[in-house]
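Colleague: Got a structure for you, written out below as structure tokens; questions coming shortly.
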Amino acid sequence: MTGIVCAALAALLVLPPGARAQQAPAGRLQGQVVDTTGQPLPGVLVEVETGAATLTARTGNDGRYLVEAVPAASHTVRFSLASFVTLQRRHVTIAAGDTATADATLFVAATASVVVTGRGTFRNLATVSDQDELIGVADAASTGVVTPLELGERARRRPAEALESVPGMIVSQHSGEGKANQYYLRGFNIDHGTDLALSVAGMPVNLPTHGHGQGYADMNFLIPELVSGIQYRKGTYAAESGDFSAAGAIKVSYLNVLGAPIARVEGGTYGYGRVLVAASPKLGRGHLLVAAEGMGNDGPWERPDVMRRWNGLVRYSQGSATSGFSVTALAYQARWNASDQIPRRAVDDGTLSRFGFIDRSNGGDTHRAGAMAEWQHTTTAGTTRAEAYAFDYGLDLFSNFTYFLDDPEAGDQFEQRDERFVSGGRMSHTRPASLFGRRSMVTIGGDVRHDAIGAVGLYRTTRRVRRATVREDAVGQTSGALYGELQTRWSNAVRTTVGLRGDAYRWNVEAGDPVNGGLATETIANPKVSLALGPWRRTEFYASAGGGFHSNDGRGATIRRDPVSGDAVDPVDPLVRAKGAEVGLRTLALPRLHTTVAAWSLWLDSELLFIGDAGTTEASRPSRRLGLEWDADYRAASWLTLDGSVAYSQARFTDGAAEGDRVPGAIEGVASAGLTVTPQARWSGSLRYRFFGPRPLVEDNTVRSRASHLVSAEAGVQVARQWRLKADLLNVLNSRSSDIDYFYTSRLPGEPAGGVDGLHFHPVEPFTLRVALVAGF
């Protein structure tokens, strides 16, 4: 008997491993993997962890897969694909001789680039099934996505306020509504875009070497109803992010297909009216999205804004979120009057009302018209993406911030002009790789851009009539970048992302004063690194660090003589380095609750500050910022979502100068909270609160702005099968807050020749009601 047992054991030992596996009880695992719109996902890697080995398969063109010879037991199954969040499902049971089914829905990653998008492309993570764990949602806690559902039920005063859905973000205005907004994020008063990179449908919004301010980013051409998602990345940790992204980068994607044609007619207090029509009929193998918008708004100002905006878009697309293309053309034009900020002393003594003005001829007009093309192709070998864009842009802006300080007779109004043609593109390729035997994804990319600035000028004017030219130049600005990024999964709980980006710039300045013209070049390289740990109990931990930069006005790189005083001046550094770090976590440990926490720091070699008497920005002192952020959203029911965020930051100059270490206008505390009733039945709506904390207005912190508390609401009701009535209630409590505050010197008629130092502010508009009738056919 013993001999027989020994012989059997010996025979088993010499059998090939595959033969022994065939004799063990086994089953099969099958299923289909789709995206959040229900489209099949080809090329998804399916991994079954059996303990002794990892069995793998890939989905076909129909999104289906089959894993053979799976040992009968309970296993962990992972589904992964480039640009999508890896989904891990534990306790998938395989019975001997049976075929088990495990279907999966993959979420688009917060950092993904997708071309063809619908309303369901991006999803709120609070809706994730309790049985699933998400790996690789992002590489930092401060990275995320805002979905159309989260945007759709928010009352908005202006298009750019869609960006306030990004946690910790504030959008305000200090002039007429046709001008670019003021942006606040991560301890910055970003002015009109100095350290926040913005793009819409693949078109960059920020404009370098701009007539009004560096990085000027006018979002008034945004059509909120067409937004398919807002992806945001804060900090300096992403290799794909370049200029203007020290505080962060926000990418707005447009829909390719509407659920139904839209016709929207709005009216409201203070002369507000808006009409929007949009449709996306099927054309050939794709869809043609067409939208047209017209808007008018006078506002509560004694000198009405008479804001008039016209907007149009045509977009053709084919494919899916993984492979496809889109071609988009847009055109935007606006004109407006502006009351600008006014001196508080004149309001306090009764000379002006809160909605009064000093110079009734302030205002401007602007346009943007161009085209974008995006193409993406995904196979089992990786994803290749290419983008190209070109647009014509112009701005003619008349402002007067100091009134009669420089010229007591003619006044201090000035004109800022900018005319340019911008062209450029981006390309990247992401593919699977192996590093020391570990699964990795490597991305190589690059981008190029040229701004042909035909005219960028500053002029002294009276009632919009030029009386002197301060400077008028033409600038050719060209930039290019190469970057690489390697994402490696070292184990089920450890992932790293390492990147490197190099940027090169060239400025050719043809100055009105030849002394200030010439050529300048500059390069900069920045490493990036991120570590992600987890998930444990559906919680991931992150640590990130990296370098970034913002560019200065190209004219500052070649200047030798001050255009006003004639004094000799030194050129500024054209590229300013930023260094940042962050630790944080993201958790879905509690059902239907998605929470992120981040602690961060940022160091800048030179600050860009707004100069009140010039109406522009200029390079200033080195600085550092520290901050804490918390954000959460809770899906209380299928029809009810609660959300809240709190952010606090501390900004300080670091050079020890005697005037003080506070950064004027730097945001400190900001908070928001809201509840949203989604339109699953007849009623929908939202109620939101926004806190905009006090800020230092001078370097020694002796003058500070006041905090503002704003409440807004939106309500909607289905009045017929295809008709919905909606109402936006803005500033519900009629708060007498400021939209923005500054402290500088100005002069009113009769005041001392040297002017008066004082607060200047632009008020929040009073309670405003807007009603819309929306038809969906």
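Note on naming: chains are A, B, ... as they come in the structure tokens, residues start from 1 per chain, ligands start from 1 in the order shown.
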Using only C-alpha atoms, which residues sit within 7 Å of segment 241-245 of chain A once same-chain residues fewer than 4 positions away are excluded, as number ranges by chain?
Modeller: A: 194-197, 215, 236, 249, 548-551
Colleague: Got a sec: who's within 9 Å of segment 279-289 of chain A, counting only C-alpha atoms, leaving out chain neighbours fewer than 3 positions off, as JSON, numbers by chain?
Modeller: {"A": [255, 256, 257, 258, 259, 260, 261, 262, 263, 313, 314, 315, 316, 317, 318, 319, 328]}
Colleague: Could you take the residues named above and write them with C-alpha atoms, as a short mmCIF file (atom, residue, chain, number, x, y, z; two decimals), in the first residue's frame?
Modeller:
```
data_model
loop_
_atom_site.label_atom_id
_atom_site.label_comp_id
_atom_site.auth_asym_id
_atom_site.auth_seq_id
_atom_site.Cartn_x
_atom_site.Cartn_y
_atom_site.Cartn_z
CA LEU A 255 -20.81 67.60 -24.72
CA ASN A 256 -20.81 65.94 -28.09
CA VAL A 257 -24.39 64.73 -27.90
CA LEU A 258 -27.35 66.31 -26.11
CA GLY A 259 -30.03 64.16 -24.56
CA ALA A 260 -32.57 66.22 -26.51
CA PRO A 261 -32.64 69.55 -28.36
CA ILE A 262 -32.81 72.56 -26.01
CA ALA A 263 -34.64 75.85 -26.28
CA LEU A 313 -20.76 76.87 -31.54
CA VAL A 314 -20.70 74.05 -34.10
CA ARG A 315 -19.14 70.69 -33.18
CA TYR A 316 -18.96 67.44 -35.13
CA SER A 317 -17.87 64.23 -33.41
CA GLN A 318 -17.61 60.50 -33.91
CA GLY A 319 -16.58 57.64 -31.68
CA THR A 328 -15.31 72.42 -33.07
#
```
Colleague: Hey, what does DSSP flag as strand (DSSP E) within segment 223-287 of chain A? Can you give it to me as a ChimeraX atom specification?
Modeller: /A:227-234,248-254,262-268,272-279,282-283,286-287
Colleague: Just the residues within 9 Å of Val529 of chain A, please, counting only C-alpha atoms, with nothing from its chain fewer than 2 positions along; format it as an MDAnalysis selection string.
Modeller: chainID A and resid 237:238 496:500 527 531 543:546
Colleague: Could you write out that same residue set with N, CA, C and O atoms as a PDB file, in the first residue's frame?
Modeller:
```
ATOM      1  N   TYR A 237       1.933  69.190  -9.638  1.00  0.00           N
ATOM      2  CA  TYR A 237       2.370  67.797  -9.626  1.00  0.00           C
ATOM      3  C   TYR A 237       2.126  67.052 -10.933  1.00  0.00           C
ATOM      4  O   TYR A 237       2.490  65.877 -11.039  1.00  0.00           O
ATOM      5  N   ALA A 238       1.498  67.672 -11.921  1.00  0.00           N
ATOM      6  CA  ALA A 238       1.151  66.986 -13.166  1.00  0.00           C
ATOM      7  C   ALA A 238       2.110  67.398 -14.274  1.00  0.00           C
ATOM      8  O   ALA A 238       2.287  68.593 -14.551  1.00  0.00           O
ATOM      9  N   THR A 496       3.160  54.678  -7.760  1.00  0.00           N
ATOM     10  CA  THR A 496       3.933  55.916  -7.880  1.00  0.00           C
ATOM     11  C   THR A 496       3.729  56.517  -9.263  1.00  0.00           C
ATOM     12  O   THR A 496       3.458  55.815 -10.238  1.00  0.00           O
ATOM     13  N   THR A 497       3.866  57.823  -9.323  1.00  0.00           N
ATOM     14  CA  THR A 497       3.864  58.551 -10.589  1.00  0.00           C
ATOM     15  C   THR A 497       5.063  59.491 -10.579  1.00  0.00           C
ATOM     16  O   THR A 497       5.203  60.315  -9.670  1.00  0.00           O
ATOM     17  N   VAL A 498       5.938  59.329 -11.558  1.00  0.00           N
ATOM     18  CA  VAL A 498       7.140  60.164 -11.664  1.00  0.00           C
ATOM     19  C   VAL A 498       7.117  60.845 -13.025  1.00  0.00           C
ATOM     20  O   VAL A 498       6.853  60.201 -14.051  1.00  0.00           O
ATOM     21  N   GLY A 499       7.351  62.155 -13.032  1.00  0.00           N
ATOM     22  CA  GLY A 499       7.295  62.881 -14.289  1.00  0.00           C
ATOM     23  C   GLY A 499       8.362  63.948 -14.398  1.00  0.00           C
ATOM     24  O   GLY A 499       8.974  64.354 -13.407  1.00  0.00           O
ATOM     25  N   LEU A 500       8.591  64.395 -15.614  1.00  0.00           N
ATOM     26  CA  LEU A 500       9.531  65.481 -15.888  1.00  0.00           C
ATOM     27  C   LEU A 500       8.984  66.286 -17.054  1.00  0.00           C
ATOM     28  O   LEU A 500       8.545  65.721 -18.065  1.00  0.00           O
ATOM     29  N   PRO A 527      10.694  68.623 -12.264  1.00  0.00           N
ATOM     30  CA  PRO A 527      10.352  67.232 -11.945  1.00  0.00           C
ATOM     31  C   PRO A 527       9.048  67.163 -11.151  1.00  0.00           C
ATOM     32  O   PRO A 527       8.651  68.122 -10.482  1.00  0.00           O
ATOM     33  N   LEU A 531       2.979  59.705  -4.770  1.00  0.00           N
ATOM     34  CA  LEU A 531       2.861  58.381  -4.164  1.00  0.00           C
ATOM     35  C   LEU A 531       1.423  58.189  -3.716  1.00  0.00           C
ATOM     36  O   LEU A 531       0.844  59.065  -3.069  1.00  0.00           O
ATOM     37  N   ALA A 543       0.794  61.448  -1.409  1.00  0.00           N
ATOM     38  CA  ALA A 543       1.852  62.432  -1.158  1.00  0.00           C
ATOM     39  C   ALA A 543       2.406  62.856  -2.509  1.00  0.00           C
ATOM     40  O   ALA A 543       2.702  61.998  -3.352  1.00  0.00           O
ATOM     41  N   SER A 544       2.505  64.159  -2.733  1.00  0.00           N
ATOM     42  CA  SER A 544       2.933  64.683  -4.039  1.00  0.00           C
ATOM     43  C   SER A 544       3.879  65.846  -3.853  1.00  0.00           C
ATOM     44  O   SER A 544       3.794  66.589  -2.860  1.00  0.00           O
ATOM     45  N   ALA A 545       4.779  66.018  -4.816  1.00  0.00           N
ATOM     46  CA  ALA A 545       5.676  67.169  -4.828  1.00  0.00           C
ATOM     47  C   ALA A 545       6.086  67.429  -6.275  1.00  0.00           C
ATOM     48  O   ALA A 545       6.078  66.516  -7.108  1.00  0.00           O
ATOM     49  N   GLY A 546       6.420  68.668  -6.563  1.00  0.00           N
ATOM     50  CA  GLY A 546       6.836  68.971  -7.929  1.00  0.00           C
ATOM     51  C   GLY A 546       7.076  70.447  -8.142  1.00  0.00           C
ATOM     52  O   GLY A 546       6.803  71.280  -7.272  1.00  0.00           O
TER      53      GLY A 546
END
```
Colleague: So that I can check the surroundings of Gly502 of chain A, please list as a VMD selection string every protein, DNA and RNA residue that reaches within 6 Å of it, counting only C-alpha atoms and ignoring chain neighbours fewer than 3 positions away.
Modeller: chain A and resid 481 to 482 524 to 525
Colleague: Dump N, CA and C atoms for the selected residues as a tab-separated table (two decimals), in the first residue's frame?
Modeller:
```
chain	number	residue	atom	x	y	z
A	481	ALA	N	7.00	72.47	-25.36
A	481	ALA	CA	7.28	71.67	-24.17
A	481	ALA	C	7.32	70.19	-24.54
A	482	LEU	N	8.12	69.45	-23.79
A	482	LEU	CA	8.14	67.99	-23.84
A	482	LEU	C	8.01	67.48	-22.41
A	524	ILE	N	13.03	76.12	-18.88
A	524	ILE	CA	12.85	75.69	-17.49
A	524	ILE	C	12.46	74.22	-17.50
A	525	ALA	N	12.94	73.47	-16.51
A	525	ALA	CA	12.60	72.05	-16.35
A	525	ALA	C	12.08	71.83	-14.95
```
Colleague: Would you list the contacts of Ser672 of chain A as number ranges by chain, taking every protein, DNA or RNA residue within 7 Å and counting only C-alpha atoms, but skipping same-chain residues closer than 6 positions in sequence?
Modeller: A: 644-646, 689-691
Colleague: Give me, please, the distance in Å between atom CA of Ser601 of chain A and atom CA of Phe541 of chain A, quoted to one decimal.
Modeller: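 About the pair atom CA of Ser601 of chain A and atom CA of Phe541 of chain A: they are 17.1 Å apart.
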Colleague: What are the DSSP helix (DSSP H, G or I) residues of segment 153-318 of chain A, as a ChimeraX atom specification?
Modeller: /A:159-165,224-226
Colleague: Show me, as a PDB file with C-alpha atoms, in the first residue's frame, the residues that have an atom within 12 Å of Leu575 of chain A when counting only C-alpha atoms, minus same-chain residues fewer than 4 positions from it.
Modeller:
```
ATOM      1  CA  PRO A 208       0.205  85.673 -22.098  1.00  0.00           C
ATOM      2  CA  GLY A 242       2.609  74.008 -17.896  1.00  0.00           C
ATOM      3  CA  ASP A 243       2.317  77.798 -17.773  1.00  0.00           C
ATOM      4  CA  PHE A 244      -0.119  79.503 -15.372  1.00  0.00           C
ATOM      5  CA  SER A 479       6.566  78.203 -26.562  1.00  0.00           C
ATOM      6  CA  ASP A 503       9.487  74.208 -21.418  1.00  0.00           C
ATOM      7  CA  ALA A 504      11.195  76.607 -23.828  1.00  0.00           C
ATOM      8  CA  TYR A 505      10.058  80.166 -24.682  1.00  0.00           C
ATOM      9  CA  ARG A 506      10.992  82.775 -27.246  1.00  0.00           C
ATOM     10  CA  TRP A 507       9.791  86.396 -27.358  1.00  0.00           C
ATOM     11  CA  ALA A 520      14.561  86.959 -25.442  1.00  0.00           C
ATOM     12  CA  THR A 521      14.601  83.218 -24.764  1.00  0.00           C
ATOM     13  CA  GLU A 522      14.262  81.124 -21.630  1.00  0.00           C
ATOM     14  CA  THR A 523      13.960  77.455 -20.655  1.00  0.00           C
ATOM     15  CA  ILE A 524      12.846  75.691 -17.495  1.00  0.00           C
ATOM     16  CA  ALA A 525      12.597  72.053 -16.354  1.00  0.00           C
ATOM     17  CA  GLY A 548       5.890  74.461 -11.923  1.00  0.00           C
ATOM     18  CA  PHE A 549       6.046  78.030 -13.174  1.00  0.00           C
ATOM     19  CA  HIS A 550       4.243  81.050 -14.503  1.00  0.00           C
ATOM     20  CA  SER A 551       5.490  83.307 -17.258  1.00  0.00           C
ATOM     21  CA  ASN A 552       5.792  87.073 -17.029  1.00  0.00           C
ATOM     22  CA  ASP A 553       4.726  89.533 -19.712  1.00  0.00           C
ATOM     23  CA  GLY A 554       7.111  89.106 -22.642  1.00  0.00           C
ATOM     24  CA  GLY A 556       9.181  92.748 -19.429  1.00  0.00           C
ATOM     25  CA  ALA A 557      11.896  90.429 -20.758  1.00  0.00           C
ATOM     26  CA  PRO A 571      14.250  93.340 -17.391  1.00  0.00           C
ATOM     27  CA  LEU A 604       6.987  81.175  -5.710  1.00  0.00           C
ATOM     28  CA  ASP A 605      10.185  82.957  -6.757  1.00  0.00           C
ATOM     29  CA  SER A 606       8.136  86.044  -7.688  1.00  0.00           C
ATOM     30  CA  GLU A 607       4.556  87.109  -7.086  1.00  0.00           C
ATOM     31  CA  LEU A 608       2.342  88.771  -9.704  1.00  0.00           C
ATOM     32  CA  ALA A 619       6.286  91.033 -10.937  1.00  0.00           C
TER      33      ALA A 619
END
```
Colleague: List as a PyMOL selection string the protein and nucleic acid residues near segment 68-74 of chain A, meaning an atom at most 6 Å away when only C-alpha atoms are counted, but skip any in the same chain fewer than 5 places from it.
Modeller: chain A and resi 25-28+91-96
Colleague: Would you please work out which residue, of A:Gly364, A:Asp191, A:Phe357, A:Asp348, is nearest to Arg308 of chain A when using only C-alpha atoms?
Modeller: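 When distances to Arg308 of chain A are compared using only C-alpha atoms, the smallest one comes from A:Gly364.
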Colleague: Given the choices A:His367, A:Arg426, A:Arg360, A:His762, which gets closest to Gly202 of chain A if the distance is worked out from only C-alpha atoms?
Modeller: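 Ranked by minimum distance to Gly202 of chain A, first place goes to A:Arg426.
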Colleague: Nearest to Arg417 of chain A among A:His192, A:His210, A:Arg463, A:His594, with distances taken over only C-alpha atoms: which residue is it?
Modeller: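 For Arg417 of chain A, the nearest of the given residues is A:His210.
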